[in-house]
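Reviewing the structure listed below.
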Amino acid sequence: MNNYDYLPLSLLIMDYLVIAIVLGCTYCLIALGYALIYSCLKLINFAHGEFCAVGAYITLWVVLAWNGSWFVAIPAGIVAGGLIAVVTWFVAYRPLRQAERSSTILAALGASICLQQMLARSFGPQSIGFPESSSNVQMQFGGINLNVTEIFIVICTAVLLALIHFFWKHTRFGLYVRAVADDREAAECVGIHANKVIMGVFLSAGMAAGIAGIALAASFGRVEPTMGFEPGLKAFVAALAGGLHDPRRAALGGILLGAVETITIAIGLSAYRDAIVFMLLVSVLTVRAIIEAHSTTLRTQPLEME
Amino acid sequence: MISTYIQQIIIDSSLMIILATGLGIIYGHAGVLSLCHATLYGAGAYMAALLFPLIATDSWVLNLSEICLLGLLGGVVVSLCIGSLCLKLRGDFVALATIAFGELARALVLNADFLGGARGIRGIQHITTPSAAIFVAVLAVIAARFILQSPWGRMMEAVRDNTILADGLAVPVQKARLSAFVFGGGLAGIAGALFAFKQQYIHPSSFDIMVSITILLAVILGGRGNLTGYIIGALIISIGAESLRLLPGSADWRAMGMGAVLLITSWFFTKGILGKWPYTDPVRRSFLGGSSRKSSVIEGTSQKDRIRILKTRNIKVSTGQTTIIDGISLILKSGISIALIGPNGSGKSTLAKALAGDIPSHGKIELDDVPVCVYPRHVEIKRKIIQLPQHPNGFHRLSALDNVRLAIDRNFRRSPVFSWLPFAGRNHSIRSERAAMNALKQVGLANKADHIFSTLSYGQRKRTLLAAAMLADPLVLILDEPFAGLNTGPGSESEIITDALLPRLKAPDRITIIIDHRIELLKPICKEVILMDAGHIQAHGSMEEIMETEQFRNIYERASTGT
Amino acid sequence: MLKVEYCKNRSLWMLVILFVLTVIAGCDNDTGKIGKPALKPVQSITNASVVSIKLGVVLPYSGPFAGYGEEGRQGIKLAVTEASEQFGERVNIKVLYEDSKGEGADAVRAFRKLADTDKVNAVIGEVLSSNTLALAPVADELKVPLVVPASTNADITRVGNYTVRICFLDPEQGIVLAKYAWDDLKIKRVAIMLDKGSDYSAGLAGAFKKAFAQLGGEVVGESVVGPKDPNIGPQLIQVRNWSADAVFLPLEYPRAAQIMRQAKNMGMKLTFFGGDAWSSPKLFEMGGDAVNGSYITAHFAPDSTKEAVKTFVENFEKTNGVKPSNMAALSYDAAKMIIQAAMTKNDASRESLRNALFAVKDFQGATGNITIKPNGDATKDIMILNIANNQFNYVKTISPVE
C-alpha cells in the first residue's frame, strides 16, 4: 500500500547528512557550555542538561500558558536558560570558592537534582507535549525535507561558533575569560573581576544550552523533567574528547558526536549506538595519550596551542 | 522480631557500605574517578546468578560463600579488563573511559540472550539474609582497612595526591591504580552477588550510571580518604534517603531533599562530612619503639664501592618551536658531587628532568654502559635517577612522615593481591616508618612527622622532600635549587640541608648533581662544576678550574652588573 | 613491645565485632534462613457488618513513568469512592500510596513497607514488567495478594501463587495484532521499530513476529530505537528503505508520538500501529495530527457501549476532567475487583482475599469481562482501536485464542 522506490543513494546520504548536522549542532551547543564552564571553574557542570530543560520548559510555558507567539517564546526560553545558569552559579557554585574538586562535583550533582525536581514540582513529573505549530512549516530543497526548527538550530549554531571563534582570540572579554581560566588568582591580581567574567560565561553557556533545549524538545515532541540528562551526558563526553580547555574544540567534539551517532545508526548498529559512540571517543583519547607518551617533543600548555 | 521492611533496609545499607568502601578505595584513596562502579556491581551479580546453579549445595553457609566468591570473581575479572585499558589515561579522561565501558557492558548484556538480555535473570534463590549481609560488610571494611594500611595503600594515596611526583619518585603508578581498581571492583562484585540472591531477579536497568553516581555520592558525602567516612556516607544515602519515605506525602520531596543535602554538604562540609583536613587517620600510625638505630635501607648494592658511570650523548629537548637543550654529552663518574650552574634559562632544570626521564627528549643515555630508554622510562630504571624539582610540590594530603616513607614503600615487592590480609607488609611498614623517622630527624623535622604536608612552611616542605629523596637513595640524584628560598648562615635551613647531604656526597657509588645560583653555598660541597649557557655546556671541570675561566667570569659578572 | 601493641589492638577489635555479629544473628531469623512468618494484618472482621480494607499501591510517582502512576491513582480513587457510596456503612477502605520511583529495588522496599509496617490486605502494583517481576517473589514470600494492573510480561504470574493479573499478556497482544493486520487490513510486509533494552518492547515485538510469520506475513526488518533518542530520523530512513506496508511500534506513547510526528515531518507516508502502551490522551498532545490513521490494541475502549464502561468513563470525566486512559481503567478494575472480592466473602484477610481473587469469574470491569485462570492470568478478549479525529475509536474485539 505504501510503496517507495528505492531512493538514489545521493539523496539518502543527504538525508543522513542533514540529520547528522542537526544532531551535531545540538550536542555542539551543549558541549560548548560544558567547556566554557569547565575552563573557568574547573568544574564539571552536571546541571548543564537541566539548563537545556529549563529553556525548553519556559518556551513551552510561554506558548501554552500565556498564548504567546513563537517569536516571543523562543527568545524567552533562551534567556531563561541563561538566567537559570547564572542563578545556579550564584547559589550553588559561588560559595565553593576554596573547595577542592570533590565537593564541586557534589554541588553540581545537587544542583542538577534540585533543578530537575523544581521542574517536576512546577510543571508536573510527566511529559508534556511540545506543540507542533512551529515545526509544521516545511521547506523542500531538492527532495529533502527540512524543518524550520532544524534550520533554526543550524543557523544558531553556525552563528554561535563564529562568535566564539572570534571572541575567544580577538576580544577583550575573550582574553579575560582565558585569563581567569588559566589562573584565577593571577587574573584577579591584575584587576580582572573574576566574578563578573564567570557570570558572563555562565550566561552564555546557559543561553546556548537554552537553544539546545528547545531543539531537543522540538525533536522529542515533548518535555519532561529528566529530558536533559542523557543528551547532557553525551555532550559532556563529546566535550571531553574534543578538549575541555578550549570551547572551540569542545564544539567540534559535539559535531563529531552527532556524525558518529548518525553513521552508527545508518549502518544498522543502532542497538550498540551508545556503546560505539563512547568507545570511539575512548579510542581517540587512548590514541592521543599513546602518541603523547611517545613523543619526543615537550608539550606546552594546551591553551597556547593553535 | 524485625519486619521484613527493616530487614530489607539493613541488607540494602550493608550492600551500599560494601559498594561505597570499594569506590572509596578507587576514588577516595587512589584518586581514580570511576563512573562504572555499578557495572562492576552488575558483573558480580550476573556472574553469581549464572554460575551458581552449577555448584549449588544444600548447605546455606556453603552457598553463601560460593556466591560471594563468584561475585568476587566477576568483579575482579571485569575490573581487570576495564582497568587495564582505562587507567592509562589521565585525570578526567579516566572518568570518560569508565562511562564508555559501562555503556558498552550494558549494551552487550542487553543484546546477549544467554545473559538474559532485556528480560533479565529471574528465579534466583534467596540466600542473602540481613545478618549475612552485615557480616560480609564488616569483613569488607576490615579487608579495606588492611589494604589501606599496607604499603600499596600508601602508594595509592601518593598517586592520588601528586601523580607526577609519584612517577618521578619511581612509584609504580599504573600498578597502584590498577590494584585499587581491582580491589574496589572485587568488593562491588561481592555486593552484586548478595544483591542478586536477595532480589531474586536482576535486570540491566539496576546497574546503570545513576547507580554509579549514587555510590559516588556516598563516597563524597563521607569524605574522600577516610574509611569511616565511606561507611557514614553509605548509611546516609541508603537509610537517610529511605527514611524520608516515612514522612507523609514525602514521595514528592524525597529527591529534592537529596539534592538539597548535597548542596548543603558541599558548602559547609567542603571536604565531606568527616573529611576535615588536616586529618591523619590514627590507626595507620602504629606505635613506634624508641630505637635510634640508623636506617640502612639502601637497596641492592652488593658491590658498594663500585664506580658507576652515567653517560649521555647528544641530549636534545625541544618544544615544537624552541630548542631548550641542544646536544649535551656528558660522562659522569660516581663518588663525586657536581654543581650545575649557569644563568637563568640556560636549561639546567630541563636537563635535570631529561636525565631523570620526566620529560621527553632525544638522545642516548647509558648507565654503566647499559642503554637506558629516554622516555617513557620503566619504573625500575626510574628508581636509579631521581630529580627533585625546585618547588616543593609534595603529596599535600599526606603527613610529612608518609611523604618520606614512600621512598621505602615503593620498593615493596609483594603483589598487591594479598594486601587485604591482616599483616600484609607489616614488617615492611615498620621498617619504612623507622627509616622515615630517622630521615626526618636528619633534616630536623622529627617533631613535624604527623603534620599534613600542606601545613608545612616552604622550607620545611623542601626539607621533607629532600629527606624522601635521600631515603630513596638513587644512583643519580639531581637537586634543583635545593637552597632557593631558604636562609643561609649558621644554624639555618640551608645548613641543615648541607649537613643532611654530607653522607651521600661521600658515598663512592653515588652521583649527586646540585643546581643552584649561589656559588658560596656550592663551594664547600661540590668538587666538580658544569657550566651551562643557552642549552649548551660551556665548561666542565673542577671547582677551582672553572672559577678561573673566562666564561664563568662573563656569566657571573653579567649577572652582578646586570648587563 | 611494638608487636604486642599492634596485636592487642587488632584482636580486641575483632572480638568486639564477632560479639556484635553473634548478637545480631541471634536476634534475627527464628525460622532459619528465609524471611519471617508474615505478621498478622489488620483484623478484617470486627463485627459482622463492617469490612475494613487496607489497600496498598506501589506505582511510579516520580521519574519518567510518573504519568502512569498518576493515572493509576486517579483510577483507584474513583473505584474507592464508588465502593464507599455503594456499600456505605458496611465498608471502611483505606488506601496507602507508595512511590516505586520506577526502580525494582525501590518497588520492593515499598512493598515490604506496605506489607509489614502498614499491614495492608492487598497490594496493587506496578507498571513496568521488570519491576513487577521483582515484586512477585516478595508477594509470595510475605503471602500478600498482589494484583497487577498493567504489566504484560508472561513470566510474572509464573512466580509463586499470590500474583493475579487483570490485563492481557504480550504474547496474546502480538497474536491479535498480527491477526488484525493480516486478516482485516491485508498487510503483508511489516517493519518493526523497537527498543531492545526494554523487556516490554522486545517481548511484544517477538510475539508479533512469531504470530505474523505463522499467518504467512513477513517482517522485513527491525530497527532499534534508543530510550532517549532526540532524532529518530536515521531509523525512519532505514525503515523507509525497506518499503513495508506498515510499521509496528511496540513502544510507550511518548516515543511512539515522537516517531510518528517525525515521520510526518520528513514527509513519509507510513501506516503505524502499536500495542497497549500507546493509549493515553497525551498521545495527541505529543504527536499532534500525525497519530491519526494508526491503530492499537487496548485494554479499554472509551466509547464502548457496555454499561460498566460507560458509567466508568462518565464518572471519571466528571471527577478528573479528562478522559480515562488504559492505566486508569486497569487500576480502577484492580481496586474494584479487590473490594468486591472482600465484600462478597465479608472477609478482607489476606488468605481469604487471595482465594477470592483467584476465583473471580465474569467480573464486569471497565476493561472488559474478566475471569481469572488458576495460574493468575486473566482470560480477556482484546480490543482493537483505531486512532482518528484525535481520539481512540473502537473497531472490534478479537480473541487471542485461535
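Residue numbering restarts at 1 for every chain of the C-alpha cells, chains are lettered A, B, ... in their displayed order, and ligands are numbered from 1 as they appear.
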Practice prompt. Would you kindly report the residues of chain A within 9 Å of chain B, using only C-alpha atoms, as a ChimeraX atom specification?
Written response: /A:92-93,95-96,98-100,102-118,121,236-237,240-241,271-282,285-286,289-290,293-300
Give me a file of those residues, with N, CA and C atoms, as a compact mmCIF listing (two decimals), in the first residue's frame.
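Once written, again_16.txt looks like this:
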```txt
# COMPACT_ATOMS: atom_id res chain seq x y z
N ALA A 92 24.74 27.84 43.86
CA ALA A 92 25.38 26.55 44.12
C ALA A 92 26.90 26.60 44.02
N TYR A 93 27.44 27.33 43.08
CA TYR A 93 28.88 27.20 42.86
C TYR A 93 29.70 28.30 43.48
N PRO A 95 29.57 29.75 46.38
CA PRO A 95 30.04 29.53 47.75
C PRO A 95 31.22 28.56 47.85
N LEU A 96 31.55 27.92 46.77
CA LEU A 96 32.57 26.89 46.84
C LEU A 96 33.97 27.40 46.60
N GLN A 98 36.84 28.09 47.76
CA GLN A 98 38.13 27.48 48.07
C GLN A 98 38.10 25.96 48.02
N ALA A 99 37.00 25.44 47.58
CA ALA A 99 36.82 24.00 47.76
C ALA A 99 37.68 23.18 46.82
N GLU A 100 37.85 21.96 47.18
CA GLU A 100 38.58 21.08 46.28
C GLU A 100 37.62 20.35 45.35
N SER A 102 36.34 17.46 44.77
CA SER A 102 35.23 16.54 45.01
C SER A 102 33.98 17.26 45.45
N SER A 103 34.10 18.32 46.21
CA SER A 103 32.85 18.96 46.62
C SER A 103 32.24 19.75 45.49
N THR A 104 33.01 20.10 44.48
CA THR A 104 32.37 20.75 43.35
C THR A 104 31.49 19.75 42.62
N ILE A 105 31.93 18.52 42.57
CA ILE A 105 31.08 17.51 41.94
C ILE A 105 29.80 17.34 42.74
N LEU A 106 29.94 17.31 44.07
CA LEU A 106 28.76 17.23 44.94
C LEU A 106 27.79 18.34 44.62
N ALA A 107 28.32 19.57 44.59
CA ALA A 107 27.44 20.70 44.36
C ALA A 107 26.78 20.60 43.00
N ALA A 108 27.55 20.18 41.99
CA ALA A 108 26.97 20.11 40.65
C ALA A 108 25.85 19.07 40.59
N LEU A 109 26.10 17.93 41.21
CA LEU A 109 25.04 16.91 41.21
C LEU A 109 23.84 17.39 41.99
N GLY A 110 24.10 18.05 43.14
CA GLY A 110 22.99 18.56 43.93
C GLY A 110 22.18 19.57 43.15
N ALA A 111 22.89 20.47 42.45
CA ALA A 111 22.18 21.46 41.65
C ALA A 111 21.35 20.79 40.57
N SER A 112 21.93 19.77 39.94
CA SER A 112 21.21 19.08 38.89
C SER A 112 19.92 18.46 39.42
N ILE A 113 20.03 17.76 40.56
CA ILE A 113 18.84 17.11 41.12
C ILE A 113 17.81 18.16 41.52
N CYS A 114 18.27 19.23 42.18
CA CYS A 114 17.32 20.25 42.62
C CYS A 114 16.59 20.87 41.43
N LEU A 115 17.32 21.18 40.38
CA LEU A 115 16.67 21.79 39.22
C LEU A 115 15.64 20.84 38.61
N GLN A 116 16.02 19.57 38.48
CA GLN A 116 15.08 18.60 37.93
C GLN A 116 13.82 18.55 38.77
N GLN A 117 14.01 18.51 40.08
CA GLN A 117 12.86 18.41 40.95
C GLN A 117 12.03 19.67 40.92
N MET A 118 12.67 20.81 40.79
CA MET A 118 11.89 22.05 40.73
C MET A 118 11.02 22.06 39.49
N ARG A 121 8.17 19.70 40.22
CA ARG A 121 7.18 20.29 41.12
C ARG A 121 6.35 21.33 40.41
N PHE A 236 28.72 15.93 27.21
CA PHE A 236 29.86 16.00 28.11
C PHE A 236 30.98 15.11 27.59
N VAL A 237 30.59 13.94 27.19
CA VAL A 237 31.57 13.01 26.64
C VAL A 237 32.23 13.60 25.40
N LEU A 240 34.66 16.33 26.41
CA LEU A 240 35.89 15.74 26.94
C LEU A 240 36.79 15.31 25.81
N ALA A 241 36.19 14.65 24.83
CA ALA A 241 37.01 14.15 23.74
C ALA A 241 37.60 15.30 22.94
N ALA A 271 21.52 -0.73 17.91
CA ALA A 271 21.41 -1.30 19.26
C ALA A 271 22.62 -0.96 20.09
N TYR A 272 23.78 -0.89 19.44
CA TYR A 272 25.01 -0.63 20.17
C TYR A 272 25.42 0.82 20.09
N ARG A 273 24.48 1.67 19.68
CA ARG A 273 24.91 3.01 19.32
C ARG A 273 25.64 3.75 20.41
N ASP A 274 25.03 3.76 21.60
CA ASP A 274 25.69 4.50 22.68
C ASP A 274 27.06 3.91 22.96
N ALA A 275 27.11 2.59 23.01
CA ALA A 275 28.38 1.94 23.32
C ALA A 275 29.43 2.29 22.28
N ILE A 276 29.06 2.26 21.01
CA ILE A 276 30.04 2.54 19.96
C ILE A 276 30.51 3.98 20.04
N VAL A 277 29.57 4.88 20.27
CA VAL A 277 29.95 6.28 20.37
C VAL A 277 30.99 6.47 21.46
N PHE A 278 30.68 5.92 22.61
CA PHE A 278 31.63 6.08 23.71
C PHE A 278 32.95 5.41 23.41
N MET A 279 32.91 4.23 22.85
CA MET A 279 34.16 3.51 22.61
C MET A 279 35.02 4.24 21.59
N LEU A 280 34.38 4.80 20.57
CA LEU A 280 35.17 5.54 19.60
C LEU A 280 35.88 6.71 20.26
N LEU A 281 35.13 7.41 21.12
CA LEU A 281 35.75 8.53 21.78
C LEU A 281 36.89 8.08 22.68
N VAL A 282 36.68 6.95 23.35
CA VAL A 282 37.76 6.45 24.19
C VAL A 282 38.98 6.11 23.35
N LEU A 285 40.90 9.16 22.56
CA LEU A 285 41.70 9.60 23.70
C LEU A 285 42.91 8.71 23.91
N THR A 286 42.70 7.40 23.80
CA THR A 286 43.81 6.48 24.04
C THR A 286 44.90 6.71 23.02
N ALA A 289 46.71 9.73 23.90
CA ALA A 289 47.57 9.53 25.06
C ALA A 289 48.83 8.78 24.67
N ILE A 290 48.68 7.78 23.83
CA ILE A 290 49.85 7.00 23.43
C ILE A 290 50.81 7.85 22.62
N ALA A 293 52.60 10.06 24.89
CA ALA A 293 53.57 9.40 25.75
C ALA A 293 54.86 9.10 25.01
N HIS A 294 54.76 8.89 23.71
CA HIS A 294 55.98 8.52 23.00
C HIS A 294 56.57 9.65 22.18
N SER A 295 56.00 10.84 22.35
CA SER A 295 56.55 11.93 21.57
C SER A 295 57.90 12.32 22.14
N THR A 296 58.71 12.92 21.33
CA THR A 296 60.00 13.35 21.83
C THR A 296 60.08 14.86 21.93
N THR A 297 58.93 15.53 21.72
CA THR A 297 58.96 16.97 21.94
C THR A 297 58.17 17.29 23.19
N LEU A 298 58.59 18.32 23.85
CA LEU A 298 57.96 18.75 25.09
C LEU A 298 56.66 19.44 24.75
N ARG A 299 55.60 19.07 25.46
CA ARG A 299 54.30 19.65 25.15
C ARG A 299 54.10 20.92 25.95
N THR A 300 53.63 21.94 25.29
CA THR A 300 53.34 23.18 26.02
C THR A 300 51.87 23.19 26.43
```
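Residues in contact range of region 346-362 of chain C, defined as at most 6 Å between only C-alpha atoms, with sequence neighbours fewer than 5 positions away removed, read Ser44, Ile53, Asn121, Val144, Pro145, Ala341, Asn369, Ile370, Thr371 and Ile372 of chain C.
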Filtering to C-alpha atoms, could you give me those residues as an mmCIF file, in the first residue's frame?
```cif
data_model
loop_
_atom_site.group_PDB
_atom_site.id
_atom_site.type_symbol
_atom_site.label_atom_id
_atom_site.label_comp_id
_atom_site.auth_asym_id
_atom_site.auth_seq_id
_atom_site.Cartn_x
_atom_site.Cartn_y
_atom_site.Cartn_z
ATOM 1 C CA SER C 44 -10.699 -7.880 58.880
ATOM 2 C CA ILE C 53 -9.868 -2.992 53.780
ATOM 3 C CA ASN C 121 -4.512 -6.601 52.948
ATOM 4 C CA VAL C 144 0.173 -10.800 50.397
ATOM 5 C CA PRO C 145 -2.023 -10.858 47.286
ATOM 6 C CA ALA C 341 -13.833 -9.945 46.434
ATOM 7 C CA ASN C 369 -15.150 -9.212 31.153
ATOM 8 C CA ILE C 370 -12.519 -10.672 33.464
ATOM 9 C CA THR C 371 -12.190 -14.251 34.619
ATOM 10 C CA ILE C 372 -9.060 -15.266 36.487
#
```
Discussion item. Give me, as a PyMOL selection string, the residues of region 135-190 of chain C that a backbone DSSP run labels strand (DSSP E or B).
Written reply: chain C and resi 146-148+163-165+189-190
Practice prompt. Return as a ChimeraX atom specification the residues belonging to chain B that are within 6 Å of chain C, counting only C-alpha atoms.
Written response: /B:3,5,110,118-119,131,201,251
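With only C-alpha atoms as the atoms that count, the minimum distance from chain A to the choices C:Ala342, C:Val58, C:Met383, C:Ala244 is reached by C:Ala244.
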Practice prompt. Excluding region 236-242 of chain C and any residue of its chain fewer than 3 positions from it, enumerate the residues within 7 Å of it, using only C-alpha atoms, and give them as a VMD selection string.
Written response: (chain A and resid 6) or (chain C and resid 191 220 232 to 233 263)
Worksheet item: Near chain A, which residues of chain C fall within 7 Å when you count only C-alpha atoms, and what do they look like as a VMD selection string?
Response: chain C and resid 62 to 67 196 224 230 to 231 233 to 235 241 243 245 258 266 to 267 270 285 to 288
Practice prompt. Using DSSP on the backbone coordinates, identify the residues of region 103-162 of chain C assigned to helix (DSSP H, G or I); present them as a VMD selection string.
Written response: chain C and resid 104 to 117 129 to 142 154 to 158
Fill in: region 530-535 of chain B environment, 6 Å, only C-alpha atoms, sequence neighbours closer than 4 positions dropped, as number ranges by chain
B: 324-326, 340-342, 346-347, 539-540
Would you mind listing what lies within 8 Å of Ile214 (chain A) as a compact mmCIF listing (two decimals) with C-alpha atoms, in the first residue's frame, with only C-alpha atoms counted and same-chain residues fewer than 2 positions away left out?
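This went into result-v8.txt:
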```txt
# COMPACT_ATOMS: atom_id res chain seq x y z
CA CYS A 52 18.54 22.88 28.46
CA ALA A 53 15.41 21.53 30.09
CA GLY A 55 14.93 26.62 28.33
CA ALA A 56 12.52 24.14 26.77
CA THR A 59 9.39 28.25 25.90
CA ILE A 74 11.89 31.12 21.86
CA GLY A 77 13.41 30.25 26.58
CA GLY A 210 18.62 27.01 26.18
CA ILE A 211 18.75 26.89 22.41
CA ALA A 212 19.80 23.27 22.53
CA LEU A 216 15.68 18.81 21.84
CA ALA A 217 12.11 19.45 22.87
CA ALA A 218 11.11 20.02 19.27
```
